[in-house]
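See below for the structure under consideration.
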Amino acid sequence: MKKILFLLFSAASLFSGFMLKAQTFTIPSDPTDTVITPALGGPYTVYSNIKNITGNNLTIKWKVVACNLPADWLNSLQICDRDNCRPSPLLWNIATSSGPSYTPVYHSNAAHDSTELFSVGIDLTTVTSTGTRYYITINMVDQGSGNYTRNLTIIFNRQNVGVNNVATSASDLLMYPNPAKEELNVVYEGVPDIKNIAVYNIIGKVMAVYHVNESSANLNLESMPSGIYFVRLLNSQGNVVVTKKFTKQ
């Protein structure tokens with residue numbers, strides 16, 4: 001009897017350990033949780049929204065845990081969760097390599113798949129520091145019983161767009177509606193290894209970068225003024241795979 005109880009207790013302990021690590025939210029990232037984004041001018045936004053897959057509201061504690069951005073890059077950066085946008089002085093101190101934590105609540109809907117804002121914005125228009133492979137790493141922890149955690153690393157590569165290009169026909173990229181108003185649907189089923197979608201205006205300024213991991217994406221255009229824009233699909237090496245034009249009304 002003692003042996004049976006011991007086995008039951010061991011199984012329960014293992015199950016509890018598994019539950020503690022059970023996934024409670026997702027972010028659109030590849031298996032390494034790394035986003036490589038073009039760093040050309042600005043301002044622009046890198047979206048990595050949080051999807052709550054639980055049946056309850058989810059409190060996530062997030063904090064910048066690593067960063068090698070030069071001071072002038074860091075001063076132009078902000079991170080936005082569903083509650084607020086925090087500028088860099090509130091995120092990371094170069095001298096002490098530290099920063100505060102924040103705990104926004106991400107709500108769940110009846111289908112347990114509510115997706116809400118998490119993004120990093122940067123403006124490199126006036127910065128003087130150059131280089132590639134600058135990065136920022138953000139730790140996200142579910143503060144509920146699950147204690148599930150993810151690290152999101154964003155790498156800013158200032159030389160990858162416009163230098164390395166992979167020829168793919170624009171006919172492989174479907175965008176609708178075009179002209180667009182508040183959102184644009186992008187479908188690229190025949191184009192493999194797409195990790196980021198970048199939107200540029202007519203003079204080549206990056207307006208937004210969306211991190212993706214499927215064969216289609218819905219781009220929010222509400223903050224962009226009317227005009228002509230270009231969508232560029234980038235692969236995991238940061239190469240431009242295909243470019244296509246659309247109009248925002």
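Letters A, B, ... go to the chains of the structure tokens in the order shown; residues in each chain start at 1; ligands are counted from 1 in the same order.
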
Quick one: which range 49-71 of chain A residues come within 6 Å of range 139-157 of chain A, and what is the nearest atom pair for each with the distance in Å to one decimal, counting only C-alpha atoms, rows ordered by chain and ascending number, as a Markdown table?
```
| residue | atom | partner | partner_atom | distance |
| --- | --- | --- | --- | --- |
| A:Thr59 | CA | A:Gln143 | CA | 5.5 |
| A:Ile60 | CA | A:Asp142 | CA | 4.6 |
| A:Lys61 | CA | A:Val141 | CA | 5.2 |
| A:Trp62 | CA | A:Met140 | CA | 4.4 |
| A:Lys63 | CA | A:Asn139 | CA | 5.4 |
```

Those residues you just picked out, can you put them in a file as a PDB file, in the first residue's frame with N, CA and C atoms?
```pdb
ATOM      1  N   THR A  59      -1.926  37.763 -16.193  1.00  0.00           N
ATOM      2  CA  THR A  59      -1.032  38.834 -15.772  1.00  0.00           C
ATOM      3  C   THR A  59       0.393  38.450 -16.128  1.00  0.00           C
ATOM      4  N   ILE A  60       1.014  39.228 -16.988  1.00  0.00           N
ATOM      5  CA  ILE A  60       2.373  38.933 -17.441  1.00  0.00           C
ATOM      6  C   ILE A  60       3.332  39.979 -16.887  1.00  0.00           C
ATOM      7  N   LYS A  61       4.356  39.509 -16.210  1.00  0.00           N
ATOM      8  CA  LYS A  61       5.415  40.397 -15.732  1.00  0.00           C
ATOM      9  C   LYS A  61       6.525  40.403 -16.773  1.00  0.00           C
ATOM     10  N   TRP A  62       6.834  41.588 -17.305  1.00  0.00           N
ATOM     11  CA  TRP A  62       7.889  41.657 -18.312  1.00  0.00           C
ATOM     12  C   TRP A  62       8.957  42.663 -17.915  1.00  0.00           C
ATOM     13  N   LYS A  63      10.158  42.405 -18.412  1.00  0.00           N
ATOM     14  CA  LYS A  63      11.303  43.231 -18.053  1.00  0.00           C
ATOM     15  C   LYS A  63      12.384  43.070 -19.113  1.00  0.00           C
TER      16      LYS A  63
END
```

Step one, run DSSP on the backbone; step two, keep only residues of range 64-225 of chain A assigned to strand (DSSP E); then write them as a VMD selection string.
chain A and resid 64 to 67 77 to 80 85 to 87 105 to 106 114 to 116 119 to 122 134 to 142 149 to 157 174 to 176 183 to 187 194 to 201 206 to 211 216 to 220

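The shell of residues at most 10 Å from Leu173 in chain A, with only C-alpha atoms counted and near chain neighbours (fewer than 5 positions) removed, consists of Thr168, Val186, Val187, Tyr188, Glu189, Gly190, Val191, Ser216, Val231, Arg232, Leu233, Val242, Thr243 and Lys244 of chain A.
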
Write to file, as an mmCIF file, in the first residue's frame, the residues of the selection just made, with N, CA and C atoms.
```
data_model
loop_
_atom_site.group_PDB
_atom_site.id
_atom_site.type_symbol
_atom_site.label_atom_id
_atom_site.label_comp_id
_atom_site.auth_asym_id
_atom_site.auth_seq_id
_atom_site.Cartn_x
_atom_site.Cartn_y
_atom_site.Cartn_z
ATOM 1 N N THR A 168 11.854 36.697 -56.001
ATOM 2 C CA THR A 168 10.596 35.963 -55.977
ATOM 3 C C THR A 168 9.547 36.828 -56.643
ATOM 4 N N VAL A 186 -2.335 39.979 -45.919
ATOM 5 C CA VAL A 186 -1.208 39.550 -46.747
ATOM 6 C C VAL A 186 -1.144 38.031 -46.710
ATOM 7 N N VAL A 187 -1.186 37.410 -47.882
ATOM 8 C CA VAL A 187 -1.144 35.948 -47.992
ATOM 9 C C VAL A 187 0.053 35.566 -48.846
ATOM 10 N N TYR A 188 0.911 34.671 -48.322
ATOM 11 C CA TYR A 188 2.150 34.309 -49.023
ATOM 12 C C TYR A 188 2.413 32.815 -48.885
ATOM 13 N N GLU A 189 1.407 32.004 -49.204
ATOM 14 C CA GLU A 189 1.502 30.552 -49.028
ATOM 15 C C GLU A 189 2.624 29.933 -49.851
ATOM 16 N N GLY A 190 2.928 30.501 -51.019
ATOM 17 C CA GLY A 190 3.965 29.917 -51.868
ATOM 18 C C GLY A 190 5.355 30.436 -51.611
ATOM 19 N N VAL A 191 5.518 31.237 -50.558
ATOM 20 C CA VAL A 191 6.831 31.825 -50.258
ATOM 21 C C VAL A 191 7.322 31.279 -48.910
ATOM 22 N N SER A 216 0.106 33.706 -43.638
ATOM 23 C CA SER A 216 -0.687 34.900 -43.884
ATOM 24 C C SER A 216 -0.608 35.796 -42.659
ATOM 25 N N VAL A 231 5.036 46.682 -49.341
ATOM 26 C CA VAL A 231 5.203 45.562 -48.417
ATOM 27 C C VAL A 231 6.424 44.771 -48.851
ATOM 28 N N ARG A 232 7.309 44.494 -47.904
ATOM 29 C CA ARG A 232 8.465 43.644 -48.179
ATOM 30 C C ARG A 232 8.444 42.439 -47.250
ATOM 31 N N LEU A 233 8.555 41.245 -47.824
ATOM 32 C CA LEU A 233 8.656 40.021 -47.041
ATOM 33 C C LEU A 233 10.139 39.707 -46.822
ATOM 34 N N VAL A 242 10.410 39.369 -51.434
ATOM 35 C CA VAL A 242 9.489 39.900 -52.446
ATOM 36 C C VAL A 242 8.980 41.260 -51.976
ATOM 37 N N THR A 243 8.700 42.148 -52.919
ATOM 38 C CA THR A 243 8.175 43.474 -52.648
ATOM 39 C C THR A 243 6.926 43.709 -53.483
ATOM 40 N N LYS A 244 5.919 44.340 -52.878
ATOM 41 C CA LYS A 244 4.692 44.622 -53.625
ATOM 42 C C LYS A 244 4.072 45.920 -53.108
#
```

DSSP helix (DSSP H, G or I) selection over range 50-246 of chain A, as a PyMOL selection string:
chain A and resi 71-74+88-90+170-172

Got time to write the residues from that selection, N, CA and C atoms, as an mmCIF file, in the first residue's frame?
```cif
data_model
loop_
_atom_site.group_PDB
_atom_site.id
_atom_site.type_symbol
_atom_site.label_atom_id
_atom_site.label_comp_id
_atom_site.auth_asym_id
_atom_site.auth_seq_id
_atom_site.Cartn_x
_atom_site.Cartn_y
_atom_site.Cartn_z
ATOM 1 N N ALA A 71 23.734 54.245 -26.792
ATOM 2 C CA ALA A 71 22.915 55.204 -26.044
ATOM 3 C C ALA A 71 21.949 55.963 -26.946
ATOM 4 N N ASP A 72 22.401 56.378 -28.151
ATOM 5 C CA ASP A 72 21.507 57.156 -29.003
ATOM 6 C C ASP A 72 20.388 56.299 -29.593
ATOM 7 N N TRP A 73 20.645 54.988 -29.821
ATOM 8 C CA TRP A 73 19.578 54.088 -30.245
ATOM 9 C C TRP A 73 18.585 53.886 -29.109
ATOM 10 N N LEU A 74 19.120 53.641 -27.914
ATOM 11 C CA LEU A 74 18.270 53.352 -26.763
ATOM 12 C C LEU A 74 17.352 54.519 -26.438
ATOM 13 N N SER A 88 12.609 54.532 -23.214
ATOM 14 C CA SER A 88 13.822 53.836 -22.772
ATOM 15 C C SER A 88 14.336 54.232 -21.394
ATOM 16 N N PRO A 89 14.235 55.492 -20.932
ATOM 17 C CA PRO A 89 14.732 55.775 -19.578
ATOM 18 C C PRO A 89 14.042 54.945 -18.498
ATOM 19 N N LEU A 90 12.844 54.432 -18.813
ATOM 20 C CA LEU A 90 12.130 53.598 -17.854
ATOM 21 C C LEU A 90 12.379 52.111 -18.073
ATOM 22 N N ALA A 170 6.250 38.854 -57.481
ATOM 23 C CA ALA A 170 5.228 39.517 -56.685
ATOM 24 C C ALA A 170 3.883 38.812 -56.813
ATOM 25 N N SER A 171 3.721 37.993 -57.861
ATOM 26 C CA SER A 171 2.459 37.267 -58.030
ATOM 27 C C SER A 171 2.275 36.210 -56.947
ATOM 28 N N ASP A 172 3.369 35.841 -56.242
ATOM 29 C CA ASP A 172 3.272 34.883 -55.143
ATOM 30 C C ASP A 172 2.718 35.522 -53.876
#
```

Between A:Leu124, A:Asn75, A:Val65, A:Lys181, which is the closest to Pro100 in chain A once you count only C-alpha atoms?
A:Val65

So that I can see what lies close to range 81-85 of chain A, please list as a PyMOL selection string the residues with an atom at most 7 Å from it, counting only C-alpha atoms and leaving out residues fewer than 3 positions away in the same chain.
chain A and resi 78+104+116-119

Leaving out range 43-49 of chain A and any residue of its chain fewer than 2 positions from it, which residues lie within 10 Å of it when counting only C-alpha atoms, given as a short mmCIF file (atom, residue, chain, number, x, y, z; two decimals) with all heavy atoms, in the first residue's frame?
```cif
data_model
loop_
_atom_site.label_atom_id
_atom_site.label_comp_id
_atom_site.auth_asym_id
_atom_site.auth_seq_id
_atom_site.Cartn_x
_atom_site.Cartn_y
_atom_site.Cartn_z
N THR A 26 1.24 32.84 -26.10
CA THR A 26 2.17 32.70 -27.21
C THR A 26 2.53 34.07 -27.75
O THR A 26 1.80 35.05 -27.55
CB THR A 26 1.57 31.86 -28.36
OG1 THR A 26 0.44 32.55 -28.91
CG2 THR A 26 1.14 30.48 -27.88
N ILE A 27 3.67 34.15 -28.42
CA ILE A 27 4.06 35.34 -29.17
C ILE A 27 4.45 34.85 -30.57
O ILE A 27 4.97 33.75 -30.71
CB ILE A 27 5.24 36.09 -28.51
CG1 ILE A 27 6.40 35.14 -28.22
CG2 ILE A 27 4.79 36.76 -27.23
CD1 ILE A 27 7.62 35.83 -27.61
N PRO A 28 4.18 35.64 -31.61
CA PRO A 28 4.50 35.17 -32.97
C PRO A 28 5.99 35.19 -33.22
O PRO A 28 6.56 36.19 -33.62
CB PRO A 28 3.77 36.17 -33.86
CG PRO A 28 3.69 37.40 -33.03
CD PRO A 28 3.56 36.96 -31.61
N SER A 29 6.65 34.08 -32.95
CA SER A 29 8.10 34.03 -33.09
C SER A 29 8.52 32.66 -33.59
O SER A 29 7.77 31.69 -33.50
CB SER A 29 8.78 34.32 -31.75
OG SER A 29 8.36 33.38 -30.79
N VAL A 35 13.60 37.90 -33.27
CA VAL A 35 13.15 38.68 -34.41
C VAL A 35 14.34 39.43 -34.96
O VAL A 35 15.01 40.16 -34.24
CB VAL A 35 12.06 39.70 -33.99
CG1 VAL A 35 11.63 40.52 -35.19
CG2 VAL A 35 10.88 38.99 -33.35
N ILE A 36 14.64 39.25 -36.26
CA ILE A 36 15.68 40.05 -36.93
C ILE A 36 14.96 41.09 -37.77
O ILE A 36 14.23 40.75 -38.70
CB ILE A 36 16.60 39.18 -37.80
CG1 ILE A 36 17.29 38.11 -36.95
CG2 ILE A 36 17.64 40.05 -38.50
CD1 ILE A 36 18.18 37.17 -37.74
N THR A 37 15.15 42.36 -37.44
CA THR A 37 14.39 43.41 -38.09
C THR A 37 15.31 44.40 -38.80
O THR A 37 16.41 44.69 -38.31
CB THR A 37 13.52 44.15 -37.07
OG1 THR A 37 12.80 45.20 -37.72
CG2 THR A 37 14.35 44.75 -35.97
N PRO A 38 14.90 44.93 -39.96
CA PRO A 38 15.69 45.96 -40.62
C PRO A 38 15.73 47.22 -39.77
O PRO A 38 14.73 47.59 -39.17
CB PRO A 38 14.96 46.19 -41.94
CG PRO A 38 13.55 45.77 -41.66
CD PRO A 38 13.66 44.62 -40.69
N ALA A 39 16.85 47.87 -39.71
CA ALA A 39 17.00 49.09 -38.90
C ALA A 39 17.39 50.23 -39.82
O ALA A 39 18.53 50.65 -39.86
CB ALA A 39 18.05 48.87 -37.81
N LEU A 40 16.42 50.72 -40.57
CA LEU A 40 16.66 51.80 -41.53
C LEU A 40 15.75 52.96 -41.22
O LEU A 40 14.56 52.93 -41.52
CB LEU A 40 16.40 51.31 -42.96
CG LEU A 40 17.33 50.22 -43.48
CD1 LEU A 40 16.85 49.75 -44.85
CD2 LEU A 40 18.75 50.74 -43.58
N GLY A 41 16.29 54.00 -40.60
CA GLY A 41 15.50 55.19 -40.32
C GLY A 41 14.40 54.93 -39.33
O GLY A 41 14.52 54.13 -38.42
N LYS A 51 -0.72 36.45 -27.26
CA LYS A 51 -1.98 35.73 -27.41
C LYS A 51 -2.25 34.92 -26.15
O LYS A 51 -1.49 34.01 -25.81
CB LYS A 51 -1.92 34.81 -28.63
CG LYS A 51 -3.24 34.10 -28.93
CD LYS A 51 -3.13 33.31 -30.23
CE LYS A 51 -4.45 32.65 -30.58
NZ LYS A 51 -4.36 31.91 -31.86
N ASN A 52 -3.31 35.26 -25.44
CA ASN A 52 -3.70 34.57 -24.22
C ASN A 52 -4.45 33.30 -24.60
O ASN A 52 -5.51 33.36 -25.20
CB ASN A 52 -4.59 35.50 -23.39
CG ASN A 52 -5.02 34.89 -22.07
OD1 ASN A 52 -4.76 33.73 -21.79
ND2 ASN A 52 -5.70 35.69 -21.25
N SER A 76 15.89 56.41 -28.36
CA SER A 76 14.79 56.56 -29.32
C SER A 76 13.84 55.37 -29.29
O SER A 76 12.99 55.23 -30.17
CB SER A 76 15.36 56.71 -30.74
OG SER A 76 15.98 55.51 -31.16
N LEU A 77 13.96 54.51 -28.28
CA LEU A 77 13.19 53.27 -28.22
C LEU A 77 12.11 53.35 -27.16
O LEU A 77 12.27 53.99 -26.12
CB LEU A 77 14.15 52.11 -27.93
CG LEU A 77 13.55 50.71 -27.79
CD1 LEU A 77 14.45 49.69 -28.47
CD2 LEU A 77 13.40 50.33 -26.31
N GLN A 78 10.99 52.66 -27.42
CA GLN A 78 9.96 52.48 -26.40
C GLN A 78 9.31 51.12 -26.57
O GLN A 78 9.30 50.56 -27.67
CB GLN A 78 8.89 53.58 -26.48
CG GLN A 78 8.04 53.54 -27.72
CD GLN A 78 6.92 54.58 -27.69
OE1 GLN A 78 6.80 55.36 -26.76
NE2 GLN A 78 6.07 54.58 -28.70
N ILE A 79 8.79 50.57 -25.48
CA ILE A 79 8.09 49.29 -25.50
C ILE A 79 6.66 49.52 -25.04
O ILE A 79 6.42 50.18 -24.02
CB ILE A 79 8.78 48.25 -24.60
CG1 ILE A 79 10.19 47.95 -25.13
CG2 ILE A 79 7.97 46.95 -24.55
CD1 ILE A 79 10.97 46.98 -24.28
N CYS A 80 5.71 48.99 -25.82
CA CYS A 80 4.29 49.18 -25.51
C CYS A 80 3.64 47.85 -25.19
O CYS A 80 3.72 46.91 -25.99
CB CYS A 80 3.56 49.81 -26.69
SG CYS A 80 4.18 51.45 -27.16
N ASP A 81 3.00 47.75 -24.01
CA ASP A 81 2.14 46.62 -23.72
C ASP A 81 0.70 47.09 -23.83
O ASP A 81 0.44 48.19 -24.32
CB ASP A 81 2.45 46.01 -22.35
CG ASP A 81 2.35 47.03 -21.22
OD1 ASP A 81 1.47 47.91 -21.28
OD2 ASP A 81 3.16 46.95 -20.26
N ARG A 82 -0.26 46.30 -23.39
CA ARG A 82 -1.67 46.67 -23.58
C ARG A 82 -2.08 47.86 -22.72
O ARG A 82 -3.13 48.49 -22.96
CB ARG A 82 -2.59 45.49 -23.29
CG ARG A 82 -2.74 45.16 -21.82
CD ARG A 82 -3.87 44.16 -21.60
NE ARG A 82 -5.10 44.60 -22.21
CZ ARG A 82 -5.96 45.44 -21.63
NH1 ARG A 82 -5.69 45.95 -20.44
NH2 ARG A 82 -7.07 45.78 -22.24
N THR A 115 -5.85 38.12 -28.46
CA THR A 115 -4.53 38.64 -28.80
C THR A 115 -4.50 40.14 -28.55
O THR A 115 -5.35 40.87 -29.02
CB THR A 115 -4.20 38.35 -30.27
OG1 THR A 115 -4.22 36.94 -30.49
CG2 THR A 115 -2.81 38.88 -30.62
N GLU A 116 -3.49 40.59 -27.79
CA GLU A 116 -3.41 42.00 -27.43
C GLU A 116 -1.99 42.52 -27.61
O GLU A 116 -1.03 41.77 -27.72
CB GLU A 116 -3.88 42.20 -25.99
CG GLU A 116 -5.35 41.82 -25.79
CD GLU A 116 -5.81 42.08 -24.37
OE1 GLU A 116 -5.62 41.20 -23.53
OE2 GLU A 116 -6.36 43.15 -24.11
N LEU A 117 -1.88 43.83 -27.57
CA LEU A 117 -0.68 44.53 -28.00
C LEU A 117 0.57 44.21 -27.17
O LEU A 117 0.55 44.18 -25.95
CB LEU A 117 -0.92 46.04 -27.92
CG LEU A 117 0.28 46.94 -28.24
CD1 LEU A 117 0.65 46.82 -29.71
CD2 LEU A 117 -0.03 48.39 -27.87
N PHE A 118 1.67 43.98 -27.87
CA PHE A 118 3.01 44.07 -27.30
C PHE A 118 3.93 44.41 -28.46
O PHE A 118 3.97 43.71 -29.47
CB PHE A 118 3.48 42.76 -26.64
CG PHE A 118 4.68 42.97 -25.78
CD1 PHE A 118 4.54 43.30 -24.44
CD2 PHE A 118 5.96 42.90 -26.29
CE1 PHE A 118 5.64 43.52 -23.62
CE2 PHE A 118 7.07 43.13 -25.50
CZ PHE A 118 6.91 43.45 -24.16
N SER A 119 4.64 45.54 -28.34
CA SER A 119 5.44 45.99 -29.47
C SER A 119 6.65 46.79 -28.99
O SER A 119 6.67 47.31 -27.87
CB SER A 119 4.61 46.84 -30.43
OG SER A 119 4.20 48.05 -29.80
N VAL A 120 7.63 46.89 -29.87
CA VAL A 120 8.82 47.70 -29.62
C VAL A 120 8.91 48.73 -30.74
O VAL A 120 8.91 48.38 -31.92
CB VAL A 120 10.09 46.83 -29.59
CG1 VAL A 120 11.33 47.71 -29.45
CG2 VAL A 120 10.02 45.82 -28.45
N GLY A 121 8.96 50.00 -30.38
CA GLY A 121 9.07 51.07 -31.36
C GLY A 121 10.43 51.74 -31.28
O GLY A 121 11.01 51.86 -30.20
N ILE A 122 10.96 52.16 -32.43
CA ILE A 122 12.27 52.80 -32.45
C ILE A 122 12.30 53.82 -33.58
O ILE A 122 11.63 53.65 -34.61
CB ILE A 122 13.40 51.77 -32.61
CG1 ILE A 122 14.76 52.38 -32.27
CG2 ILE A 122 13.39 51.13 -33.99
CD1 ILE A 122 15.87 51.35 -32.06
N ASP A 123 13.06 54.88 -33.39
CA ASP A 123 13.24 55.93 -34.41
C ASP A 123 14.73 56.17 -34.58
O ASP A 123 15.39 56.73 -33.71
CB ASP A 123 12.53 57.21 -33.98
CG ASP A 123 12.60 58.29 -35.04
OD1 ASP A 123 13.28 58.09 -36.06
OD2 ASP A 123 11.97 59.35 -34.84
N LEU A 124 15.28 55.74 -35.71
CA LEU A 124 16.71 55.86 -35.96
C LEU A 124 17.02 56.99 -36.94
O LEU A 124 18.10 57.03 -37.53
CB LEU A 124 17.26 54.54 -36.50
CG LEU A 124 17.06 53.32 -35.59
CD1 LEU A 124 17.60 52.06 -36.24
CD2 LEU A 124 17.74 53.54 -34.24
N THR A 125 16.08 57.91 -37.09
CA THR A 125 16.25 58.99 -38.07
C THR A 125 17.48 59.83 -37.80
O THR A 125 18.22 60.21 -38.72
CB THR A 125 15.01 59.90 -38.08
OG1 THR A 125 13.84 59.09 -38.29
CG2 THR A 125 15.12 60.94 -39.18
N LEU A 152 11.91 37.14 -25.44
CA LEU A 152 11.82 37.67 -26.80
C LEU A 152 13.05 38.53 -27.06
O LEU A 152 13.31 39.48 -26.34
CB LEU A 152 10.56 38.51 -26.96
CG LEU A 152 10.45 39.32 -28.25
CD1 LEU A 152 10.32 38.39 -29.46
CD2 LEU A 152 9.27 40.29 -28.19
N ILE A 154 14.96 40.90 -29.92
CA ILE A 154 14.84 41.63 -31.18
C ILE A 154 16.22 42.11 -31.59
O ILE A 154 16.90 42.81 -30.83
CB ILE A 154 13.87 42.82 -31.04
CG1 ILE A 154 12.48 42.31 -30.68
CG2 ILE A 154 13.83 43.63 -32.33
CD1 ILE A 154 11.47 43.40 -30.44
N ASN A 196 9.43 38.13 -41.22
CA ASN A 196 9.03 39.50 -40.96
C ASN A 196 8.38 40.11 -42.19
O ASN A 196 8.74 39.78 -43.33
CB ASN A 196 10.23 40.37 -40.56
CG ASN A 196 10.81 39.96 -39.23
OD1 ASN A 196 10.25 40.27 -38.18
ND2 ASN A 196 11.94 39.28 -39.26
N ILE A 197 7.41 41.00 -41.96
CA ILE A 197 6.82 41.81 -43.02
C ILE A 197 7.08 43.26 -42.67
O ILE A 197 6.70 43.73 -41.59
CB ILE A 197 5.31 41.55 -43.16
CG1 ILE A 197 5.04 40.09 -43.52
CG2 ILE A 197 4.70 42.48 -44.19
CD1 ILE A 197 3.57 39.75 -43.60
N ALA A 198 7.74 43.98 -43.57
CA ALA A 198 8.05 45.38 -43.35
C ALA A 198 7.23 46.24 -44.31
O ALA A 198 7.06 45.88 -45.48
CB ALA A 198 9.54 45.65 -43.56
N VAL A 199 6.73 47.37 -43.81
CA VAL A 199 5.98 48.31 -44.63
C VAL A 199 6.80 49.59 -44.77
O VAL A 199 7.23 50.17 -43.76
CB VAL A 199 4.60 48.63 -44.02
CG1 VAL A 199 3.88 49.69 -44.84
CG2 VAL A 199 3.75 47.37 -43.93
N TYR A 200 7.03 50.01 -46.02
CA TYR A 200 7.80 51.21 -46.33
C TYR A 200 6.92 52.23 -47.02
O TYR A 200 6.01 51.86 -47.79
CB TYR A 200 8.97 50.89 -47.27
CG TYR A 200 10.05 50.03 -46.68
CD1 TYR A 200 9.85 48.67 -46.46
CD2 TYR A 200 11.29 50.58 -46.35
CE1 TYR A 200 10.85 47.88 -45.92
CE2 TYR A 200 12.30 49.79 -45.81
CZ TYR A 200 12.07 48.45 -45.60
OH TYR A 200 13.06 47.66 -45.06
N LYS A 205 11.07 54.97 -46.26
CA LYS A 205 11.11 55.00 -44.80
C LYS A 205 10.32 53.83 -44.22
O LYS A 205 9.21 53.54 -44.64
CB LYS A 205 10.51 56.32 -44.31
CG LYS A 205 10.39 56.43 -42.80
CD LYS A 205 9.72 57.76 -42.44
CE LYS A 205 9.45 57.88 -40.96
NZ LYS A 205 8.76 59.16 -40.64
N VAL A 206 10.91 53.10 -43.25
CA VAL A 206 10.23 51.99 -42.61
C VAL A 206 9.11 52.52 -41.72
O VAL A 206 9.36 53.32 -40.83
CB VAL A 206 11.20 51.14 -41.76
CG1 VAL A 206 10.47 49.93 -41.19
CG2 VAL A 206 12.39 50.69 -42.58
N MET A 207 7.89 52.06 -41.94
CA MET A 207 6.75 52.50 -41.15
C MET A 207 6.39 51.51 -40.06
O MET A 207 5.95 51.89 -38.98
CB MET A 207 5.54 52.71 -42.06
CG MET A 207 5.78 53.71 -43.18
SD MET A 207 6.18 55.37 -42.58
CE MET A 207 4.63 55.83 -41.83
N ALA A 208 6.56 50.22 -40.33
CA ALA A 208 6.22 49.19 -39.35
C ALA A 208 6.86 47.88 -39.77
O ALA A 208 7.11 47.64 -40.95
CB ALA A 208 4.71 49.02 -39.21
N VAL A 209 7.14 47.03 -38.78
CA VAL A 209 7.64 45.68 -39.02
C VAL A 209 6.76 44.72 -38.22
O VAL A 209 6.56 44.90 -37.02
CB VAL A 209 9.11 45.51 -38.60
CG1 VAL A 209 9.57 44.07 -38.83
CG2 VAL A 209 9.99 46.48 -39.38
N TYR A 210 6.23 43.70 -38.89
CA TYR A 210 5.36 42.72 -38.26
C TYR A 210 6.06 41.37 -38.26
O TYR A 210 6.45 40.87 -39.32
CB TYR A 210 4.03 42.61 -39.01
CG TYR A 210 3.31 43.95 -39.17
CD1 TYR A 210 3.64 44.80 -40.22
CD2 TYR A 210 2.32 44.34 -38.29
CE1 TYR A 210 2.98 46.02 -40.39
CE2 TYR A 210 1.65 45.55 -38.45
CZ TYR A 210 1.99 46.39 -39.49
OH TYR A 210 1.35 47.58 -39.66
N HIS A 211 6.21 40.76 -37.08
CA HIS A 211 6.84 39.44 -37.00
C HIS A 211 5.77 38.38 -37.21
O HIS A 211 4.71 38.43 -36.58
CB HIS A 211 7.51 39.26 -35.65
CG HIS A 211 8.36 38.04 -35.57
ND1 HIS A 211 9.35 37.76 -36.48
CD2 HIS A 211 8.35 37.00 -34.71
CE1 HIS A 211 9.93 36.62 -36.17
NE2 HIS A 211 9.33 36.14 -35.10
N VAL A 212 6.03 37.42 -38.09
CA VAL A 212 5.02 36.43 -38.47
C VAL A 212 5.64 35.04 -38.45
O VAL A 212 6.86 34.87 -38.52
CB VAL A 212 4.45 36.73 -39.88
CG1 VAL A 212 3.70 38.06 -39.88
CG2 VAL A 212 5.57 36.76 -40.92
N LEU A 219 -2.31 43.10 -41.20
CA LEU A 219 -1.51 44.24 -40.80
C LEU A 219 -2.41 45.42 -40.42
O LEU A 219 -3.28 45.81 -41.19
CB LEU A 219 -0.58 44.67 -41.94
CG LEU A 219 0.25 43.58 -42.61
CD1 LEU A 219 1.22 44.20 -43.61
CD2 LEU A 219 1.00 42.74 -41.58
#
```

Need to verify the contact set: Asn68 in chain A, 8 Å, only C-alpha atoms, exclusion of same-chain residues closer than 2 positions in sequence. Can you return it as a PyMOL selection string?
chain A and resi 66+70+134-136

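As for CA of Glu182 in chain A and CA of Lys245 in chain A, they are spaced 16.2 Å apart.
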
Between A:Leu221, A:Ile202, A:Leu69, A:Ile194, which one has atoms that come closest to Pro179 in chain A, using only C-alpha atoms?
A:Leu221

Which residue is closest to Ala95 in chain A? Choose from A:Met224, A:Ala22, A:Cys67, A:Thr247 and count only C-alpha atoms.
A:Cys67
